[in-house]
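Source file: my_file-v3.cif (mmCIF, C-alpha atoms)
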```cif
data_work
loop_
_atom_site.group_PDB
_atom_site.id
_atom_site.type_symbol
_atom_site.label_atom_id
_atom_site.label_comp_id
_atom_site.auth_asym_id
_atom_site.auth_seq_id
_atom_site.Cartn_x
_atom_site.Cartn_y
_atom_site.Cartn_z
ATOM 1 C CA MET A 1 54.748 19.468 -11.133
ATOM 2 C CA ASP A 2 56.400 19.601 -14.554
ATOM 3 C CA LEU A 3 56.859 16.072 -15.892
ATOM 4 C CA SER A 4 58.088 17.096 -19.335
ATOM 5 C CA GLN A 5 61.651 16.109 -18.426
ATOM 6 C CA PHE A 6 60.511 12.493 -18.286
ATOM 7 C CA ALA A 7 58.840 12.601 -21.708
ATOM 8 C CA THR A 8 60.271 10.296 -24.355
ATOM 9 C CA ASP A 9 59.514 9.355 -27.932
ATOM 10 C CA THR A 10 60.650 5.777 -27.336
ATOM 11 C CA PRO A 11 57.687 3.379 -27.654
ATOM 12 C CA VAL A 12 56.726 1.600 -24.460
ATOM 13 C CA ILE A 13 57.604 -2.108 -24.444
ATOM 14 C CA ARG A 14 55.105 -4.337 -22.637
ATOM 15 C CA HIS A 15 56.712 -6.156 -19.734
ATOM 16 C CA ASP A 16 54.687 -9.285 -20.498
ATOM 17 C CA GLY A 17 56.199 -9.779 -23.948
ATOM 18 C CA TRP A 18 53.058 -9.141 -25.980
ATOM 19 C CA ASN A 19 53.323 -6.869 -29.001
ATOM 20 C CA PRO A 20 50.766 -6.068 -31.730
ATOM 21 C CA GLU A 21 52.200 -8.671 -34.107
ATOM 22 C CA ARG A 22 51.985 -11.466 -31.538
ATOM 23 C CA LYS A 23 48.446 -10.448 -30.667
ATOM 24 C CA ILE A 24 47.106 -10.710 -34.204
ATOM 25 C CA ARG A 25 49.069 -13.888 -34.921
ATOM 26 C CA PHE A 26 47.440 -15.465 -31.873
ATOM 27 C CA LEU A 27 43.960 -14.259 -32.894
ATOM 28 C CA ASP A 28 44.411 -15.373 -36.506
ATOM 29 C CA HIS A 29 45.285 -18.918 -35.417
ATOM 30 C CA LEU A 30 42.491 -18.909 -32.861
ATOM 31 C CA ALA A 31 40.007 -17.984 -35.604
ATOM 32 C CA ALA A 32 41.202 -20.934 -37.686
ATOM 33 C CA LYS A 33 41.030 -23.652 -35.017
ATOM 34 C CA GLY A 34 39.444 -22.314 -31.856
ATOM 35 C CA ASP A 35 42.309 -23.871 -29.869
ATOM 36 C CA VAL A 36 43.911 -21.463 -27.391
ATOM 37 C CA ARG A 37 47.041 -23.522 -26.701
ATOM 38 C CA ARG A 38 47.839 -24.018 -30.377
ATOM 39 C CA ALA A 39 47.266 -20.318 -31.016
ATOM 40 C CA CYS A 40 49.643 -19.523 -28.147
ATOM 41 C CA ALA A 41 52.272 -21.823 -29.629
ATOM 42 C CA ALA A 42 51.940 -20.071 -32.991
ATOM 43 C CA ALA A 43 52.434 -16.686 -31.315
ATOM 44 C CA GLY A 44 55.296 -17.868 -29.097
ATOM 45 C CA MET A 45 53.373 -17.065 -25.924
ATOM 46 C CA SER A 46 52.133 -19.084 -22.969
ATOM 47 C CA HIS A 47 48.428 -19.668 -22.488
ATOM 48 C CA GLU A 48 48.604 -18.086 -19.032
ATOM 49 C CA ALA A 49 49.891 -14.877 -20.600
ATOM 50 C CA ALA A 50 47.112 -15.007 -23.196
ATOM 51 C CA TYR A 51 44.367 -15.248 -20.581
ATOM 52 C CA ARG A 52 45.913 -12.407 -18.591
ATOM 53 C CA LEU A 53 45.988 -10.195 -21.670
ATOM 54 C CA ARG A 54 42.384 -11.072 -22.439
ATOM 55 C CA ARG A 55 41.443 -9.915 -18.958
ATOM 56 C CA ARG A 56 43.357 -6.648 -19.245
ATOM 57 C CA ASP A 57 42.927 -5.580 -22.888
ATOM 58 C CA PRO A 58 39.273 -4.993 -23.926
ATOM 59 C CA LEU A 59 40.008 -4.807 -27.660
ATOM 60 C CA PHE A 60 42.026 -8.029 -27.519
ATOM 61 C CA GLY A 61 39.146 -9.615 -25.610
ATOM 62 C CA ARG A 62 36.714 -8.601 -28.340
ATOM 63 C CA GLY A 63 39.043 -10.068 -30.935
ATOM 64 C CA TRP A 64 39.259 -13.291 -28.913
ATOM 65 C CA ASN A 65 35.478 -13.767 -28.873
ATOM 66 C CA ALA A 66 35.223 -12.867 -32.557
ATOM 67 C CA ALA A 67 37.927 -15.426 -33.366
ATOM 68 C CA LEU A 68 36.054 -18.164 -31.492
ATOM 69 C CA ALA A 69 32.870 -17.299 -33.380
ATOM 70 C CA LEU A 70 34.763 -17.586 -36.675
ATOM 71 C CA SER A 71 36.369 -20.899 -35.679
ATOM 72 C CA ARG A 72 33.005 -22.574 -35.253
ATOM 73 C CA GLU A 73 32.702 -23.253 -38.987
ATOM 74 C CA SER A 74 36.027 -25.071 -39.272
ATOM 75 C CA ASN A 75 35.344 -27.104 -36.132
ATOM 76 C CA ALA A 76 31.946 -28.116 -37.493
ATOM 77 C CA GLU A 77 33.714 -29.390 -40.622
ATOM 78 C CA VAL A 78 36.063 -31.501 -38.486
ATOM 79 C CA LEU A 79 33.055 -32.964 -36.670
ATOM 80 C CA ARG A 80 31.350 -33.821 -39.965
ATOM 81 C CA CYS A 81 34.525 -35.500 -41.140
ATOM 82 C CA ARG A 82 34.891 -37.573 -37.969
ATOM 83 C CA ALA A 83 31.246 -38.580 -37.939
ATOM 84 C CA ILE A 84 31.507 -39.954 -41.477
ATOM 85 C CA ASP A 85 35.056 -41.325 -41.642
ATOM 86 C CA GLY A 86 35.963 -41.882 -38.005
ATOM 87 C CA ILE A 87 39.370 -41.317 -36.417
ATOM 88 C CA GLU A 88 42.366 -43.467 -37.231
ATOM 89 C CA GLU A 89 44.337 -44.322 -34.090
ATOM 90 C CA ASP A 90 47.692 -46.019 -33.695
ATOM 91 C CA ILE A 91 47.710 -49.251 -31.685
ATOM 92 C CA TRP A 92 50.718 -49.928 -29.484
ATOM 93 C CA PHE A 93 51.471 -53.159 -27.603
ATOM 94 C CA ARG A 94 54.345 -53.404 -25.127
ATOM 95 C CA GLY A 95 55.974 -50.340 -26.675
ATOM 96 C CA GLU A 96 55.682 -51.571 -30.252
ATOM 97 C CA PHE A 97 53.439 -50.257 -33.008
ATOM 98 C CA VAL A 98 51.171 -53.074 -34.149
ATOM 99 C CA GLY A 99 48.623 -51.350 -36.387
ATOM 100 C CA THR A 100 45.791 -48.870 -36.564
ATOM 101 C CA ARG A 101 42.076 -48.816 -35.923
ATOM 102 C CA VAL A 102 39.227 -46.491 -36.839
ATOM 103 C CA ARG A 103 37.135 -45.174 -33.973
ATOM 104 C CA HIS A 104 33.929 -43.154 -34.244
ATOM 105 C CA ASP A 105 33.785 -40.949 -31.147
ATOM 106 C CA SER A 106 33.250 -37.229 -31.417
ATOM 107 C CA ARG A 107 32.097 -36.485 -27.881
ATOM 108 C CA LEU A 108 35.051 -34.255 -27.058
ATOM 109 C CA LEU A 109 34.581 -32.215 -30.214
ATOM 110 C CA LEU A 110 30.838 -31.944 -29.603
ATOM 111 C CA ALA A 111 31.546 -30.498 -26.173
ATOM 112 C CA HIS A 112 34.027 -28.094 -27.737
ATOM 113 C CA LEU A 113 31.458 -27.023 -30.337
ATOM 114 C CA ALA A 114 28.915 -26.419 -27.588
ATOM 115 C CA ARG A 115 31.293 -23.939 -25.994
ATOM 116 C CA LEU A 116 31.868 -22.223 -29.325
ATOM 117 C CA ASP A 117 28.107 -22.047 -29.879
ATOM 118 C CA LYS A 118 27.734 -20.053 -26.671
ATOM 119 C CA VAL A 119 30.250 -17.528 -27.966
ATOM 120 C CA ALA A 120 28.749 -17.418 -31.459
ATOM 121 C CA ASP A 121 25.312 -16.734 -29.990
ATOM 122 C CA GLN A 122 26.566 -13.494 -28.436
ATOM 123 C CA GLN A 123 25.449 -10.557 -30.560
ATOM 124 C CA GLN A 124 28.691 -8.641 -29.988
ATOM 125 C CA ALA A 125 30.806 -11.632 -31.019
ATOM 126 C CA ARG A 126 28.778 -12.147 -34.209
ATOM 127 C CA HIS A 127 29.133 -8.478 -35.096
ATOM 128 C CA ASP A 128 32.861 -8.423 -34.373
ATOM 129 C CA ALA A 129 33.418 -11.632 -36.346
ATOM 130 C CA GLY A 130 32.250 -9.773 -39.447
ATOM 131 C CA ARG A 131 34.876 -7.089 -38.782
ATOM 132 C CA PHE A 132 37.699 -9.304 -37.591
ATOM 133 C CA ASP A 133 40.382 -7.845 -39.855
ATOM 134 C CA GLU A 134 39.538 -4.334 -38.682
ATOM 135 C CA ILE A 135 39.978 -5.405 -35.061
ATOM 136 C CA LEU A 136 43.378 -6.870 -35.919
ATOM 137 C CA ALA A 137 44.359 -3.637 -37.680
ATOM 138 C CA LEU A 138 43.399 -1.602 -34.605
ATOM 139 C CA ILE A 139 45.464 -3.942 -32.429
ATOM 140 C CA LEU A 140 48.343 -3.167 -34.799
ATOM 141 C CA GLU A 141 47.673 0.485 -33.904
ATOM 142 C CA GLU A 142 46.447 1.451 -37.362
ATOM 143 C CA GLU A 143 44.501 4.702 -37.060
ATOM 144 C CA ALA A 144 41.033 4.973 -38.569
ATOM 145 C CA PRO A 145 40.347 8.002 -40.807
ATOM 146 C CA GLU A 146 39.489 11.163 -38.872
ATOM 147 C CA GLU A 147 36.243 11.365 -40.853
ATOM 148 C CA PHE A 148 35.012 8.443 -38.754
ATOM 149 C CA GLY A 149 35.067 10.668 -35.698
ATOM 150 C CA GLU A 150 36.771 9.963 -32.384
ATOM 151 C CA THR A 151 36.853 6.182 -31.927
ATOM 152 C CA TYR A 152 39.117 6.032 -28.846
ATOM 153 C CA GLY A 153 40.789 2.888 -30.184
ATOM 154 C CA GLU A 154 37.473 1.107 -30.713
ATOM 155 C CA LEU A 155 35.957 -0.038 -34.000
ATOM 156 C CA PRO A 156 34.860 2.810 -36.272
ATOM 157 C CA PRO A 157 31.304 2.834 -37.658
ATOM 158 C CA ASP A 158 30.473 -0.063 -39.940
ATOM 159 C CA ARG A 159 30.129 0.542 -43.673
ATOM 160 C CA THR A 160 26.338 0.678 -43.796
ATOM 161 C CA GLY A 161 26.014 2.965 -40.793
ATOM 162 C CA PHE A 162 28.803 5.314 -41.870
ATOM 163 C CA VAL A 163 27.423 5.751 -45.389
ATOM 164 C CA ALA A 164 23.862 6.269 -44.128
ATOM 165 C CA ASP A 165 25.010 8.872 -41.578
ATOM 166 C CA ALA A 166 26.955 10.726 -44.262
ATOM 167 C CA ALA A 167 23.886 10.897 -46.515
ATOM 168 C CA ARG A 168 21.643 12.097 -43.678
ATOM 169 C CA HIS A 169 24.155 14.749 -42.680
ATOM 170 C CA ALA A 170 24.442 16.020 -46.258
ATOM 171 C CA LYS A 171 20.664 16.402 -46.499
ATOM 172 C CA ALA A 172 20.503 18.212 -43.161
ATOM 173 C CA VAL A 173 23.171 20.694 -44.267
ATOM 174 C CA VAL A 174 21.259 21.505 -47.462
ATOM 175 C CA ARG A 175 18.001 22.089 -45.592
ATOM 176 C CA TRP A 176 19.691 24.194 -42.917
ATOM 177 C CA ASN A 177 21.408 26.457 -45.449
ATOM 178 C CA TRP A 178 18.534 26.734 -47.897
ATOM 179 C CA PRO A 179 17.506 30.405 -48.164
ATOM 180 C CA ASP A 180 14.023 31.478 -47.152
ATOM 181 C CA ALA A 181 11.614 32.552 -49.872
ATOM 182 C CA GLU A 182 11.930 36.254 -50.611
ATOM 183 C CA GLU A 183 8.813 38.363 -50.272
ATOM 184 C CA ASP A 184 8.241 41.191 -52.768
ATOM 185 C CA GLU A 185 6.460 43.947 -50.848
ATOM 186 C CA ASP A 186 5.333 45.663 -54.067
ATOM 187 C CA ALA A 187 3.854 42.524 -55.611
ATOM 188 C CA GLU A 188 0.200 41.663 -55.535
ATOM 189 C CA PRO A 189 -0.765 39.308 -52.702
ATOM 190 C CA LEU A 190 -0.835 35.664 -53.777
ATOM 191 C CA THR A 191 -3.981 33.649 -53.731
ATOM 192 C CA PRO A 192 -4.035 30.514 -51.568
ATOM 193 C CA ASP A 193 -3.553 28.348 -54.665
ATOM 194 C CA GLU A 194 -0.597 30.435 -55.799
ATOM 195 C CA GLU A 195 0.996 30.223 -52.353
ATOM 196 C CA TRP A 196 0.557 26.452 -52.336
ATOM 197 C CA GLU A 197 2.125 26.174 -55.808
ATOM 198 C CA ARG A 198 5.048 28.394 -54.764
ATOM 199 C CA ASP A 199 5.691 26.374 -51.624
ATOM 200 C CA GLU A 200 5.402 23.098 -53.512
ATOM 201 C CA ASP A 201 7.925 24.247 -56.128
ATOM 202 C CA ARG A 202 10.290 25.266 -53.346
ATOM 203 C CA ARG A 203 9.851 21.934 -51.562
ATOM 204 C CA ILE A 204 10.617 20.009 -54.755
ATOM 205 C CA GLU A 205 13.686 22.156 -55.370
ATOM 206 C CA VAL A 206 14.958 21.542 -51.847
ATOM 207 C CA GLU A 207 14.384 17.776 -52.059
ATOM 208 C CA GLU A 208 16.195 17.566 -55.394
ATOM 209 C CA ALA A 209 19.149 19.426 -53.908
ATOM 210 C CA CYS A 210 19.077 17.119 -50.867
ATOM 211 C CA ASP A 211 19.035 14.009 -53.036
ATOM 212 C CA GLU A 212 21.973 15.278 -55.074
ATOM 213 C CA ALA A 213 23.970 16.091 -51.940
ATOM 214 C CA ALA A 214 23.133 12.695 -50.405
ATOM 215 C CA HIS A 215 24.233 10.927 -53.592
ATOM 216 C CA ASP A 216 27.594 12.697 -53.608
ATOM 217 C CA ALA A 217 28.065 12.070 -49.880
ATOM 218 C CA THR A 218 27.240 8.374 -50.325
ATOM 219 C CA LEU A 219 29.880 7.946 -53.019
ATOM 220 C CA GLU A 220 32.487 9.788 -50.970
ATOM 221 C CA ALA A 221 31.724 7.918 -47.737
ATOM 222 C CA THR A 222 31.701 4.544 -49.499
ATOM 223 C CA ALA A 223 35.085 5.212 -51.086
ATOM 224 C CA LEU A 224 36.506 6.381 -47.749
ATOM 225 C CA TRP A 225 35.274 3.326 -45.830
ATOM 226 C CA ASP A 226 36.396 0.890 -48.536
ATOM 227 C CA GLU A 227 39.856 2.453 -48.522
ATOM 228 C CA TRP A 228 40.031 2.022 -44.731
ATOM 229 C CA PHE A 229 39.027 -1.633 -45.028
ATOM 230 C CA ARG A 230 41.514 -2.250 -47.851
ATOM 231 C CA ARG A 231 44.296 -0.668 -45.808
ATOM 232 C CA ALA A 232 43.356 -2.655 -42.696
ATOM 233 C CA CYS A 233 43.330 -5.985 -44.535
ATOM 234 C CA GLY A 234 46.588 -5.165 -46.316
ATOM 235 C CA LEU A 235 48.313 -4.391 -43.029
ATOM 236 C CA VAL A 236 47.092 -7.608 -41.410
ATOM 237 C CA ASP A 237 48.128 -9.707 -44.415
ATOM 238 C CA ASP A 238 51.556 -8.081 -44.416
ATOM 239 C CA VAL A 239 52.198 -8.759 -40.725
ATOM 240 C CA LEU A 240 50.878 -12.331 -40.802
ATOM 241 C CA GLY A 241 53.056 -13.024 -43.831
ATOM 242 C CA ARG A 242 56.240 -12.352 -41.851
ATOM 243 C CA THR A 243 58.233 -15.004 -40.021
ATOM 244 C CA PRO A 244 56.904 -15.056 -36.443
ATOM 245 C CA SER A 245 59.090 -14.159 -33.495
ATOM 246 C CA THR A 246 60.200 -17.024 -31.241
ATOM 247 C CA VAL A 247 60.637 -14.988 -28.057
ATOM 248 C CA SER A 248 58.457 -16.248 -25.197
ATOM 249 C CA THR A 249 57.106 -14.306 -22.242
ATOM 250 C CA SER A 250 57.344 -14.011 -18.506
ATOM 251 C CA GLY A 251 54.085 -15.908 -18.386
ATOM 252 C CA GLY A 252 55.975 -19.124 -19.045
ATOM 253 C CA ALA A 253 57.855 -20.498 -22.002
ATOM 254 C CA ALA A 254 55.560 -21.365 -24.842
ATOM 255 C CA PRO A 255 56.069 -24.702 -26.536
ATOM 256 C CA ALA A 256 57.320 -24.665 -30.085
ATOM 257 C CA PRO A 257 54.547 -25.053 -32.664
ATOM 258 C CA THR A 258 54.063 -28.688 -33.529
ATOM 259 C CA ALA A 259 51.711 -30.716 -35.615
ATOM 260 C CA ALA A 260 49.485 -31.341 -32.637
ATOM 261 C CA LYS A 261 46.757 -33.907 -33.034
ATOM 262 C CA PRO A 262 43.351 -32.210 -32.929
ATOM 263 C CA PHE A 263 41.664 -32.226 -29.531
ATOM 264 C CA GLY A 264 43.925 -34.855 -28.016
ATOM 265 C CA GLN A 265 43.201 -37.629 -30.519
ATOM 266 C CA ALA A 266 45.905 -40.033 -31.619
ATOM 267 C CA SER A 267 45.671 -39.235 -35.306
ATOM 268 C CA VAL A 268 43.103 -38.201 -37.833
ATOM 269 C CA SER A 269 42.768 -39.514 -41.329
ATOM 270 C CA CYS A 270 39.671 -37.837 -42.675
ATOM 271 C CA PRO A 271 40.187 -35.155 -45.324
ATOM 272 C CA PRO A 272 36.946 -33.416 -46.265
ATOM 273 C CA ALA A 273 35.040 -34.575 -49.269
ATOM 274 C CA GLY A 274 36.018 -32.954 -52.560
ATOM 275 C CA GLY A 275 34.450 -29.676 -53.498
ATOM 276 C CA GLU A 276 34.820 -25.962 -52.930
ATOM 277 C CA ASP A 277 35.349 -26.368 -49.182
ATOM 278 C CA SER A 278 38.232 -28.829 -49.497
ATOM 279 C CA ALA A 279 40.924 -26.245 -50.217
ATOM 280 C CA ALA A 280 39.683 -23.928 -47.506
ATOM 281 C CA TYR A 281 39.732 -26.746 -44.969
ATOM 282 C CA SER A 282 43.254 -27.810 -45.865
ATOM 283 C CA ASP A 283 44.428 -24.216 -45.512
ATOM 284 C CA ARG A 284 43.136 -24.147 -41.932
ATOM 285 C CA SER A 285 44.643 -27.471 -40.914
#
```

Now, as a test, write the supplied structure out as structure tokens.
Amino acid sequence: MDLSQFATDTPVIRHDGWNPERKIRFLDHLAAKGDVRRACAAAGMSHEAAYRLRRRDPLFGRGWNAALALSRESNAEVLRCRAIDGIEEDIWFRGEFVGTRVRHDSRLLLAHLARLDKVADQQQARHDAGRFDEILALILEEEAPEEFGETYGELPPDRTGFVADAARHAKAVVRWNWPDAEEDEDAEPLTPDEEWERDEDRRIEVEEACDEAAHDATLEATALWDEWFRRACGLVDDVLGRTPSTVSTSGGAAPAPTAAKPFGQASVSCPPAGGEDSAAYSDRS
């Protein structure tokens, strides 16, 4: 049966409201806090819709686990802060605010960290966390260079593996195409020592040619992979820099993003100690 009459160039719109931009906005916020509901609010999606997509989209699921592995560092910083400075809570009496108190109780966060540890201990999650921006770029339907081979929408080879494979392939091509030694039928037979010297000279010549080819292939493969990574990061930064959409999904209306108190606590007054990590922590808050 000819189905060409039904063909269309119009992109398919997901019935559940997810699009590539919402996906990476969700994953980016999840990587910062490890909080699914807050990430859903940032993406304008319900948490039910997020869990359904995780179940149905393998690449999104990989990004989810990688984001949780990345969030472990920021959550550990919150725990350190609470352990040292405590949590400032508002005190209300008969509907009136009467003051504040500092409470040292990080049990909820410790339990949360334990869950993140289980994710971070997964080898796949650790690997994907190191390539998080590439996963986001693939979710945005950015195509990897054809030199990476057929990836079927999955991550292309990592930098080390791709460069090493390129060098090995270049050496193999040189050896395969290297001409055999020509025999002169009119020449005097070579002595064993002369044959050994001839073969050794040929071996050295082949290895030098292989090393030169591998060097050139390494430079080319490195430049190609670095350009892919630069393009992937640039695309992600560009999309995340836009104003997010406020359209919710059929999975339930998502609440508007608010300054939610971390992990259900009343309030927190514990900025990290000064130093290099202070700015990074404030950026994630």

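Distance check against Glu227 of chain A using only C-alpha atoms: of A:Arg159, A:Lys171, A:Arg55, A:Arg198, the minimum falls on A:Arg159.
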
Show me, as a PDB file with C-alpha atoms, keeping the file's coordinate frame, the residues that have an atom within 10 Å of Gln124 of chain A when counting only C-alpha atoms, minus same-chain residues fewer than 6 positions from it.
```pdb
ATOM      1  CA  ARG A  62      36.714  -8.601 -28.340  1.00  0.00           C
ATOM      2  CA  ASN A  65      35.478 -13.767 -28.873  1.00  0.00           C
ATOM      3  CA  ALA A  66      35.223 -12.867 -32.557  1.00  0.00           C
TER       4      ALA A  66
END
```

*For the atom pair atom CA of Trp64 of chain A and atom CA of Ala31 of chain A, what is the interatomic distance in Å to one decimal place?*
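Calculated distance between atom CA of Trp64 of chain A and atom CA of Ala31 of chain A is 8.2 Å.
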
*atom CA of Phe229 of chain A to atom CA of Asp57 of chain A: how many Å, to one decimal?*
22.8 Å

*May I have the residues within 12 Å of segment 127-135 of chain A as a PyMOL selection string, using all atoms listed in the file and disregarding those fewer than 5 positions away in the same chain?*
chain A and resi 20+23-25+27-28+30-31+58-73+119-122+140-144+153-159+225-237+239-240

*Residues selected by the PyMOL selection byres ((chain A and resi 216) around 12), written as a list in words*: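 This file, filtered by the PyMOL selection byres ((chain A and resi 216) around 12), leaves Val163, Ala166, Ala167, Arg168, His169, Ala170, Lys171, Ala209, Cys210, Asp211, Glu212, Ala213, Ala214, His215, Ala217, Thr218, Leu219, Glu220, Ala221, Thr222 and Ala223 of chain A.
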
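Atom CA of Ala164 of chain A is positioned 26.6 Å from atom CA of Ile139 of chain A.
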
How big is the axis-aligned box, and where does its centre sit, when it encloses all atoms of segment 16-35 of chain A listed in the file and has 6 Å added on every side, reported in Å to one decimal as JSON?
```
{"center_x": 47.8, "center_y": -15.0, "center_z": -29.1, "size_x": 28.8, "size_y": 29.8, "size_z": 29.2}
```
